[in-house]
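Undergrad: Would you mind keeping the following structure in view while I ask a few things?
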Amino acid sequence: MASNLPFVRYDNVQKSYDGESLVVKNLNLDIEKGEFVTMLGPSGSGKTTCLMMLAGFETATHGDILLDGKPINNIPPHRRGIGMVFQNYALFPHMTVNENLAFPLKVRKMDKAETEAKVKRALEMVQMEAFGDRKPAQLSGGQQQRIALARALVFEPELVLMDEPLGALDKQLREHMQYEIKHIHESLGVTVVYVTHDQSEALTMSNRIAVFNDGVVQQLADPVTLYERPENAFVAQFIGENNTLVGKVSSTKAGKVEVDLGKHGKVQAVKVVDVPKDGQTTLSIRPERVAFEEKAPKGKMSLPAKVLELIYLGDHIRCRMSVAGNDEFIAKIPNSNKTISLAPGKNGFVSWNIDDCRALDYS
Amino acid sequence: MSDTRILAADGTPLKKKLAQSMFRTKLRAFGLVCPLLALIISAFVLPILFMLTAAVYDDSYSSLMPESTAAMQEWDGESPITEAMAAAMVSDLIRARENKDIGKVANRVNREYSGATSLFKSTSRSAKKFEPPYLEALRDKDKDWNDLELWQAIKIASDTYTLGYIANAVDMRAKATGGFEPQDELRQIHITLFIRTIEISFIVTVACLLLGYPVAYLMANLPLRTSNLLLILVLMPFWTSLLVRTTAWIAMLQGQGVMNDLFVAFGVASDEDRFSLIYNKTGTLIAMTHIMLPFMIMPLYSVMKTISPAYVRAAKSMGATNWTAFWKVYFPQSVPGIGAGSLLVFILAIGYYITPALVGGQDGQMISNIIDFHMRKSLNWNLAAALGLVLLVFVLFFFWIYDRVVGIDNMKLG
């Protein structure tokens, strides 16, 4: 029976702290064994609360959380057997690295030789063999992060939770650690639930990403789907950069909608959500899918545009334009040798393929 | 100028330049602490040093009885009394009586030999009429002058620099022939008092720790509103006068007091046979524990406040039970607070005075009460200073032990 159920299941979970408002509203989420699932969202969106409920440090106000088919609401945290990496690592300052790593094994009453072997192997996994006798305060942030990771994995849990573990590191180290965590996940095959507010971190590491906002999962999908085919305006806005145009639906046919932008004309877009005729909709276009040309090309959607600002970024030029009343319309223009002469104040046309423009909900 | 020295842009050595630029800052910093420094030195350090010298310095005999002092220094403390010693004594007695100093001299000798006050006073009255041989004259006046112990006592009293008082403070006695011997058993009270003082301080410290730890833990872990209320409740007694709190305990604990009434009402004690909770050691322990509690809670609280709840969570996520997580992870991190609180309470308790004086009765008195007795009643300031010195040594000793066991840099007061 247990084999039919997913490894972790949130079943209609609600959480309220004050009895007046819901921090988590009716969460349903299934996580398969061996998956790397990221809960992504702005602060206050309820993602950390969801993680803490799974770890057992918060109780669900309503609903069940199932681990391996068994409800765990009434199992205390120390009997859940879930490894966890905390935001500021929570390495015990009064113990050496070795003692920190041996702690979960000691409380399991593992014998000394086996403990030592496992600690050694865990340190090797994060390439920290030489640091076993140091205290956490003698390590750099990145090294502490590795030790925290090793400590969460040393007792071989099947599920590891990570609560913004890379938040305190600088950008370069963060990117490096992302790959490292990804590789460890792949080699060990553990299930990882990862919480972050950094979308690039989520895109780099995850099998699937659950985008949280306002206590609700807005979209649960793999990184490519999430970026290429966002299902609502929040997801489109939150993941990557996005240009929005607001208009009214004038007609719908064969998965496409025609959107009336008022005096700026009409454009066609991919229909994502059901919007009735004359209902408001948000058009979403990624900046890297937009081209700027002097004449409107055929077979593509185009709108007149005026260049407002240019930012030179080496591999591409960020061009801010005024399009259909939106002064924050961005196009990323590749820095190739055929780059047309751009200057603020220049008039022209922005264009894109119909499939790259998605008509989403209006919020 | 050597080549290795680094020069500033204008050619002066960099170190000199740095000192010049720092001079004004240092001067200003010194100016800011100067008034406090002056106050501490004049009102605290100097009086204490002056008082402590009294523990080993006493010229009340040697300055008033110079001839006798000189004679005494030559005497070995055992051989028979010579005529020269007697003559010097008589001559000094006459002068002391004329200068009206005989009382001070008599008092000083009386500390070593009881009965000396009246002996010296009466002898000095008739000393003018004495004729040689003076030794005979003294012995005719009072047969106590025959006593070798009296002369030994005088020899001890004539020492300007003496370890006698410190020996007294630890129930020893200086011998006229040099060295020390145990005090008469009847006069051995200080060691008992020191032991009792340390015992009471230790019990109070442990009681404060046991009672204060859970309170500090609650304060550090409850939501801010509740913990603020608790903090005020902890600090409220702290803002109340010490005397008021001690007297309140008298009202609570006395024979007809609140606690005993409750015990009788609940049948724990019979009306005729009420508990004696005050004017004894029990009273001192209860009142002092209450008064010292904030000194334990505050350092504990400030240390616990810095222990992130993530540590205990991390321990639990790794499989530790609530108790293991507390004992192996939380408790070790709170040790600096325990150390600071315990040291603070212990050192405050070891010199505590008002509370034992008011609620201690006979067997709840501490060493500070004896020091007070010698300061105000017996006016034996030298012994008081010696007792104070021994107490100070005790405190420094415990401080050293603490430093060895816990490490002083591990202490956090806030």
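Every chain in the structure tokens takes a letter, A first, then B, and so on in the order presented; its residues are numbered from 1, and the ligands are numbered from 1 following the presented order.
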Kindly determine which residues of chain A lie within 10 Å of chain B, considering only C-alpha atoms, and give the answer as an NGL selection string.

TA: :A and (55-57 or 76-95 or 100-101 or 103-108 or 148 or 151-155 or 157 or 160-161)

Undergrad: Restricting the output to N, CA and C atoms, write the selected residues as a short mmCIF file (atom, residue, chain, number, x, y, z; two decimals), in the first residue's frame.

TA:
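Here's the written file part07.cif:
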data_model
loop_
_atom_site.label_atom_id
_atom_site.label_comp_id
_atom_site.auth_asym_id
_atom_site.auth_seq_id
_atom_site.Cartn_x
_atom_site.Cartn_y
_atom_site.Cartn_z
N ALA A 55 9.56 18.97 9.33
CA ALA A 55 10.61 18.61 10.29
C ALA A 55 10.04 18.30 11.66
N GLY A 56 8.85 18.84 11.94
CA GLY A 56 8.21 18.56 13.23
C GLY A 56 8.35 19.68 14.23
N PHE A 57 8.87 20.83 13.82
CA PHE A 57 9.02 21.94 14.75
C PHE A 57 7.79 22.84 14.79
N PRO A 76 7.28 13.04 17.33
CA PRO A 76 8.17 14.15 17.67
C PRO A 76 9.34 14.21 16.70
N PRO A 77 9.95 15.41 16.54
CA PRO A 77 11.00 15.62 15.54
C PRO A 77 12.13 14.59 15.63
N HIS A 78 12.51 14.21 16.86
CA HIS A 78 13.71 13.37 16.96
C HIS A 78 13.45 11.94 16.52
N ARG A 79 12.15 11.57 16.30
CA ARG A 79 11.89 10.20 15.84
C ARG A 79 11.51 10.16 14.37
N ARG A 80 11.61 11.32 13.70
CA ARG A 80 11.23 11.33 12.28
C ARG A 80 12.37 10.89 11.38
N GLY A 81 13.61 10.99 11.88
CA GLY A 81 14.76 10.56 11.08
C GLY A 81 14.98 11.40 9.84
N ILE A 82 14.76 12.70 9.99
CA ILE A 82 14.94 13.61 8.85
C ILE A 82 16.18 14.45 9.12
N GLY A 83 17.10 14.49 8.16
CA GLY A 83 18.27 15.35 8.31
C GLY A 83 17.91 16.78 7.97
N MET A 84 18.58 17.73 8.62
CA MET A 84 18.22 19.12 8.35
C MET A 84 19.45 20.02 8.35
N VAL A 85 19.48 20.95 7.37
CA VAL A 85 20.53 21.97 7.32
C VAL A 85 19.85 23.30 7.59
N PHE A 86 20.36 24.01 8.61
CA PHE A 86 19.71 25.25 9.02
C PHE A 86 20.35 26.45 8.36
N GLN A 87 19.60 27.56 8.43
CA GLN A 87 20.01 28.79 7.77
C GLN A 87 21.40 29.25 8.22
N ASN A 88 21.63 29.27 9.53
CA ASN A 88 22.96 29.68 10.01
C ASN A 88 23.74 28.47 10.50
N TYR A 89 23.47 27.36 9.89
CA TYR A 89 24.18 26.08 10.09
C TYR A 89 23.92 25.41 11.42
N ALA A 90 23.77 26.20 12.52
CA ALA A 90 23.52 25.62 13.84
C ALA A 90 24.53 24.54 14.19
N LEU A 91 25.78 24.77 13.85
CA LEU A 91 26.84 23.87 14.31
C LEU A 91 27.06 24.14 15.79
N PHE A 92 27.18 23.07 16.59
CA PHE A 92 27.31 23.27 18.03
C PHE A 92 28.67 23.89 18.33
N PRO A 93 28.68 25.10 18.88
CA PRO A 93 29.95 25.82 19.02
C PRO A 93 30.90 25.20 20.04
N HIS A 94 30.35 24.41 20.98
CA HIS A 94 31.21 23.86 22.03
C HIS A 94 31.79 22.51 21.64
N MET A 95 31.49 22.05 20.43
CA MET A 95 32.02 20.75 19.99
C MET A 95 32.92 20.95 18.78
N ASN A 100 30.63 17.23 16.36
CA ASN A 100 29.38 17.64 15.72
C ASN A 100 28.84 16.53 14.82
N LEU A 101 29.74 15.97 14.02
CA LEU A 101 29.30 14.94 13.08
C LEU A 101 28.94 13.64 13.79
N PHE A 103 27.57 13.46 16.68
CA PHE A 103 26.41 13.63 17.56
C PHE A 103 25.20 12.78 17.13
N PRO A 104 24.75 12.88 15.88
CA PRO A 104 23.56 12.07 15.52
C PRO A 104 23.83 10.57 15.62
N LEU A 105 25.09 10.16 15.47
CA LEU A 105 25.40 8.73 15.57
C LEU A 105 25.43 8.30 17.03
N LYS A 106 25.95 9.20 17.89
CA LYS A 106 26.02 8.89 19.32
C LYS A 106 24.63 8.74 19.91
N VAL A 107 23.71 9.65 19.56
CA VAL A 107 22.37 9.54 20.14
C VAL A 107 21.66 8.28 19.63
N ARG A 108 22.19 7.72 18.54
CA ARG A 108 21.64 6.45 18.05
C ARG A 108 22.39 5.26 18.64
N ALA A 148 27.90 21.50 8.01
CA ALA A 148 26.47 21.38 8.31
C ALA A 148 25.81 20.37 7.37
N ARG A 151 26.85 16.93 8.38
CA ARG A 151 26.20 16.50 9.62
C ARG A 151 24.76 16.05 9.35
N ALA A 152 24.11 16.73 8.40
CA ALA A 152 22.74 16.34 8.10
C ALA A 152 22.67 15.02 7.36
N LEU A 153 23.81 14.64 6.73
CA LEU A 153 23.79 13.42 5.90
C LEU A 153 24.44 12.23 6.59
N VAL A 154 25.20 12.49 7.68
CA VAL A 154 26.05 11.45 8.23
C VAL A 154 25.26 10.26 8.77
N PHE A 155 24.03 10.50 9.24
CA PHE A 155 23.26 9.37 9.76
C PHE A 155 22.37 8.74 8.69
N PRO A 157 19.97 9.75 6.49
CA PRO A 157 18.52 9.89 6.44
C PRO A 157 18.05 9.76 4.99
N VAL A 160 16.28 14.87 3.46
CA VAL A 160 17.06 15.97 4.02
C VAL A 160 16.35 17.28 3.70
N LEU A 161 16.18 18.10 4.74
CA LEU A 161 15.55 19.40 4.56
C LEU A 161 16.63 20.48 4.64
#

Undergrad: If we count only C-alpha atoms, what is near range 286-303 of chain A at a cut-off of 9 Å, once residues fewer than 3 positions away on the same chain are taken out, given as a PDB file with N, CA and C atoms, in the first residue's frame?

TA:
ATOM      1  N   GLU A 228       9.662  28.690 -18.897  1.00  0.00           N
ATOM      2  CA  GLU A 228       9.123  28.865 -20.250  1.00  0.00           C
ATOM      3  C   GLU A 228       7.613  29.030 -20.249  1.00  0.00           C
ATOM      4  N   ALA A 236       5.406  34.272 -13.422  1.00  0.00           N
ATOM      5  CA  ALA A 236       6.143  34.894 -14.516  1.00  0.00           C
ATOM      6  C   ALA A 236       7.016  36.026 -14.002  1.00  0.00           C
ATOM      7  N   GLY A 240      12.782  34.792 -13.029  1.00  0.00           N
ATOM      8  CA  GLY A 240      13.432  35.481 -14.129  1.00  0.00           C
ATOM      9  C   GLY A 240      12.850  36.863 -14.363  1.00  0.00           C
ATOM     10  N   GLU A 241      13.342  37.514 -15.426  1.00  0.00           N
ATOM     11  CA  GLU A 241      12.835  38.847 -15.736  1.00  0.00           C
ATOM     12  C   GLU A 241      11.667  38.744 -16.688  1.00  0.00           C
ATOM     13  N   ASN A 242      10.842  39.741 -16.699  1.00  0.00           N
ATOM     14  CA  ASN A 242       9.581  39.619 -17.408  1.00  0.00           C
ATOM     15  C   ASN A 242       9.066  41.000 -17.791  1.00  0.00           C
ATOM     16  N   ASN A 243       8.560  41.108 -19.032  1.00  0.00           N
ATOM     17  CA  ASN A 243       7.884  42.350 -19.432  1.00  0.00           C
ATOM     18  C   ASN A 243       6.388  42.121 -19.410  1.00  0.00           C
ATOM     19  N   THR A 244       5.672  43.065 -18.884  1.00  0.00           N
ATOM     20  CA  THR A 244       4.214  42.883 -18.841  1.00  0.00           C
ATOM     21  C   THR A 244       3.514  44.000 -19.603  1.00  0.00           C
ATOM     22  N   HIS A 264      -2.800  51.336 -28.688  1.00  0.00           N
ATOM     23  CA  HIS A 264      -1.540  50.810 -29.205  1.00  0.00           C
ATOM     24  C   HIS A 264      -1.739  49.642 -30.159  1.00  0.00           C
ATOM     25  N   GLY A 265      -2.961  49.208 -30.357  1.00  0.00           N
ATOM     26  CA  GLY A 265      -3.207  48.143 -31.313  1.00  0.00           C
ATOM     27  C   GLY A 265      -3.539  46.824 -30.642  1.00  0.00           C
ATOM     28  N   VAL A 267      -2.517  42.533 -30.210  1.00  0.00           N
ATOM     29  CA  VAL A 267      -1.490  41.495 -30.395  1.00  0.00           C
ATOM     30  C   VAL A 267      -2.096  40.134 -30.088  1.00  0.00           C
ATOM     31  N   GLN A 268      -1.445  39.084 -30.634  1.00  0.00           N
ATOM     32  CA  GLN A 268      -1.885  37.727 -30.345  1.00  0.00           C
ATOM     33  C   GLN A 268      -0.937  37.102 -29.325  1.00  0.00           C
ATOM     34  N   ALA A 269      -1.498  36.203 -28.519  1.00  0.00           N
ATOM     35  CA  ALA A 269      -0.669  35.572 -27.493  1.00  0.00           C
ATOM     36  C   ALA A 269      -1.192  34.183 -27.202  1.00  0.00           C
ATOM     37  N   ARG A 318      21.358  45.896 -22.281  1.00  0.00           N
ATOM     38  CA  ARG A 318      20.030  45.999 -21.691  1.00  0.00           C
ATOM     39  C   ARG A 318      19.410  47.288 -22.194  1.00  0.00           C
ATOM     40  N   VAL A 323       7.027  50.936 -24.471  1.00  0.00           N
ATOM     41  CA  VAL A 323       6.223  50.139 -25.394  1.00  0.00           C
ATOM     42  C   VAL A 323       4.792  50.101 -24.877  1.00  0.00           C
ATOM     43  N   ALA A 324       3.866  50.511 -25.705  1.00  0.00           N
ATOM     44  CA  ALA A 324       2.439  50.472 -25.365  1.00  0.00           C
ATOM     45  C   ALA A 324       2.164  51.057 -23.981  1.00  0.00           C
ATOM     46  N   PHE A 329       9.762  48.546 -20.238  1.00  0.00           N
ATOM     47  CA  PHE A 329       9.859  47.411 -21.139  1.00  0.00           C
ATOM     48  C   PHE A 329      11.329  47.166 -21.459  1.00  0.00           C
ATOM     49  N   ILE A 330      11.816  45.949 -21.121  1.00  0.00           N
ATOM     50  CA  ILE A 330      13.242  45.649 -21.264  1.00  0.00           C
ATOM     51  C   ILE A 330      13.454  44.681 -22.423  1.00  0.00           C
ATOM     52  N   ALA A 331      14.494  44.949 -23.196  1.00  0.00           N
ATOM     53  CA  ALA A 331      14.917  43.964 -24.189  1.00  0.00           C
ATOM     54  C   ALA A 331      16.391  43.703 -23.977  1.00  0.00           C
ATOM     55  N   LYS A 332      16.763  42.401 -24.041  1.00  0.00           N
ATOM     56  CA  LYS A 332      18.182  42.076 -23.931  1.00  0.00           C
ATOM     57  C   LYS A 332      18.697  41.860 -25.349  1.00  0.00           C
ATOM     58  N   ILE A 333      19.544  42.744 -25.799  1.00  0.00           N
ATOM     59  CA  ILE A 333      20.020  42.668 -27.177  1.00  0.00           C
ATOM     60  C   ILE A 333      21.427  42.093 -27.187  1.00  0.00           C
ATOM     61  N   PRO A 334      21.601  40.939 -27.866  1.00  0.00           N
ATOM     62  CA  PRO A 334      22.915  40.279 -27.836  1.00  0.00           C
ATOM     63  C   PRO A 334      23.982  41.187 -28.423  1.00  0.00           C
ATOM     64  N   ILE A 340      22.608  46.807 -34.320  1.00  0.00           N
ATOM     65  CA  ILE A 340      22.238  48.069 -34.956  1.00  0.00           C
ATOM     66  C   ILE A 340      22.574  49.218 -34.027  1.00  0.00           C
ATOM     67  N   ASN A 347      13.537  55.732 -32.376  1.00  0.00           N
ATOM     68  CA  ASN A 347      12.254  55.043 -32.537  1.00  0.00           C
ATOM     69  C   ASN A 347      12.415  53.818 -33.412  1.00  0.00           C
ATOM     70  N   GLY A 348      11.613  52.769 -33.124  1.00  0.00           N
ATOM     71  CA  GLY A 348      11.692  51.549 -33.914  1.00  0.00           C
ATOM     72  C   GLY A 348      10.567  50.609 -33.507  1.00  0.00           C
ATOM     73  N   PHE A 349      10.804  49.306 -33.700  1.00  0.00           N
ATOM     74  CA  PHE A 349       9.771  48.327 -33.343  1.00  0.00           C
ATOM     75  C   PHE A 349      10.371  47.210 -32.512  1.00  0.00           C
ATOM     76  N   VAL A 350       9.625  46.765 -31.452  1.00  0.00           N
ATOM     77  CA  VAL A 350      10.009  45.533 -30.772  1.00  0.00           C
ATOM     78  C   VAL A 350       9.174  44.414 -31.367  1.00  0.00           C
ATOM     79  N   SER A 351       9.791  43.222 -31.501  1.00  0.00           N
ATOM     80  CA  SER A 351       9.050  42.111 -32.089  1.00  0.00           C
ATOM     81  C   SER A 351       9.379  40.820 -31.362  1.00  0.00           C
ATOM     82  N   TRP A 352       8.461  39.859 -31.448  1.00  0.00           N
ATOM     83  CA  TRP A 352       8.663  38.551 -30.817  1.00  0.00           C
ATOM     84  C   TRP A 352       7.784  37.530 -31.504  1.00  0.00           C
ATOM     85  N   ASN A 353       8.086  36.238 -31.291  1.00  0.00           N
ATOM     86  CA  ASN A 353       7.244  35.175 -31.830  1.00  0.00           C
ATOM     87  C   ASN A 353       5.964  35.070 -30.992  1.00  0.00           C
ATOM     88  N   ILE A 354       4.881  34.687 -31.665  1.00  0.00           N
ATOM     89  CA  ILE A 354       3.601  34.602 -30.954  1.00  0.00           C
ATOM     90  C   ILE A 354       3.705  33.669 -29.756  1.00  0.00           C
ATOM     91  N   ASP A 356       6.037  33.153 -27.770  1.00  0.00           N
ATOM     92  CA  ASP A 356       6.796  33.670 -26.639  1.00  0.00           C
ATOM     93  C   ASP A 356       5.997  34.635 -25.779  1.00  0.00           C
ATOM     94  N   CYS A 357       4.792  34.940 -26.216  1.00  0.00           N
ATOM     95  CA  CYS A 357       3.989  35.876 -25.440  1.00  0.00           C
ATOM     96  C   CYS A 357       2.807  35.116 -24.840  1.00  0.00           C
TER      97      CYS A 357
END

Undergrad: May I ask which of the residues B:Lys15, B:Arg225, B:Arg125, B:Arg28 is the closest one to Leu138 in chain B, counting only C-alpha atoms?

TA: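 Looking only at the distances to Leu138 in chain B, the closest residue turns out to be B:Arg125.
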
Undergrad: Mind the document's chain letters and residue numbers, and return as number ranges by chain the residues of range 110-324 of chain A that DSSP labels helix (DSSP H, G or I).

TA: A: 112-125, 129-131, 136-138, 141-153, 171-188, 199-205, 223-228, 233-238, 262-264, 287-289

Undergrad: Residues near Leu188 in chain A, anyone? I mean within 12 Å using only C-alpha atoms, not counting same-chain ones fewer than 5 positions away, as an mmCIF file with N, CA and C atoms, in the first residue's frame.

TA:
data_model
loop_
_atom_site.group_PDB
_atom_site.id
_atom_site.type_symbol
_atom_site.label_atom_id
_atom_site.label_comp_id
_atom_site.auth_asym_id
_atom_site.auth_seq_id
_atom_site.Cartn_x
_atom_site.Cartn_y
_atom_site.Cartn_z
ATOM 1 N N LYS A 33 10.349 9.810 -3.987
ATOM 2 C CA LYS A 33 11.641 9.410 -3.440
ATOM 3 C C LYS A 33 12.766 9.826 -4.387
ATOM 4 N N GLY A 34 13.823 10.393 -3.837
ATOM 5 C CA GLY A 34 14.981 10.770 -4.637
ATOM 6 C C GLY A 34 14.858 12.101 -5.343
ATOM 7 N N GLU A 35 13.752 12.778 -5.158
ATOM 8 C CA GLU A 35 13.566 14.059 -5.829
ATOM 9 C C GLU A 35 14.275 15.182 -5.095
ATOM 10 N N PHE A 36 14.585 16.230 -5.833
ATOM 11 C CA PHE A 36 15.076 17.471 -5.235
ATOM 12 C C PHE A 36 13.998 18.518 -5.488
ATOM 13 N N ALA A 122 31.899 10.992 5.866
ATOM 14 C CA ALA A 122 31.110 12.210 5.634
ATOM 15 C C ALA A 122 32.018 13.399 5.380
ATOM 16 N N MET A 125 33.343 13.257 1.937
ATOM 17 C CA MET A 125 32.320 13.625 0.951
ATOM 18 C C MET A 125 32.318 15.134 0.700
ATOM 19 N N LEU A 153 23.807 14.640 6.730
ATOM 20 C CA LEU A 153 23.790 13.424 5.901
ATOM 21 C C LEU A 153 24.441 12.233 6.587
ATOM 22 N N VAL A 154 25.195 12.485 7.681
ATOM 23 C CA VAL A 154 26.053 11.445 8.235
ATOM 24 C C VAL A 154 25.258 10.255 8.768
ATOM 25 N N GLU A 156 22.677 9.068 7.453
ATOM 26 C CA GLU A 156 22.026 8.475 6.292
ATOM 27 C C GLU A 156 20.507 8.543 6.321
ATOM 28 N N PRO A 157 19.974 9.748 6.488
ATOM 29 C CA PRO A 157 18.517 9.892 6.435
ATOM 30 C C PRO A 157 18.048 9.760 4.991
ATOM 31 N N GLU A 158 16.793 9.371 4.818
ATOM 32 C CA GLU A 158 16.285 9.262 3.446
ATOM 33 C C GLU A 158 15.776 10.601 2.942
ATOM 34 N N LEU A 159 15.521 11.505 3.917
ATOM 35 C CA LEU A 159 14.987 12.816 3.556
ATOM 36 C C LEU A 159 15.839 13.884 4.234
ATOM 37 N N VAL A 160 16.278 14.871 3.455
ATOM 38 C CA VAL A 160 17.057 15.967 4.021
ATOM 39 C C VAL A 160 16.355 17.277 3.705
ATOM 40 N N ILE A 181 26.043 20.693 -3.761
ATOM 41 C CA ILE A 181 24.848 20.073 -3.183
ATOM 42 C C ILE A 181 24.145 19.227 -4.230
ATOM 43 N N LYS A 182 24.067 19.756 -5.449
ATOM 44 C CA LYS A 182 23.430 19.025 -6.545
ATOM 45 C C LYS A 182 24.142 17.692 -6.789
ATOM 46 N N HIS A 183 25.463 17.729 -6.791
ATOM 47 C CA HIS A 183 26.216 16.490 -7.047
ATOM 48 C C HIS A 183 26.048 15.491 -5.919
#

Undergrad: Please list as number ranges by chain every residue within 6 Å of range 101-108 of chain B, counting only C-alpha atoms and excluding residues in the same chain fewer than 6 positions away.

TA: B: 61, 117, 120

Undergrad: Please extract the residues of range 68-293 of chain A with a backbone DSSP assignment of strand (DSSP E) and present them as JSON, numbers by chain.

TA: {"A": [70, 71, 82, 83, 84, 85, 159, 160, 161, 162, 163, 191, 192, 193, 194, 195, 196, 208, 209, 210, 211, 212, 213, 216, 217, 218, 219, 220, 221, 243, 244, 245, 246, 247, 248, 249, 250, 251, 252, 253, 256, 257, 258, 259, 260, 266, 267, 268, 269, 270, 271, 280, 281, 282, 283, 284, 285, 291, 292, 293]}

Undergrad: If you measure from CA of Asn335 in chain A to CA of Ile317 in chain A, what distance in Å do you get, rounded to one decimal?

TA: 6.4 Å
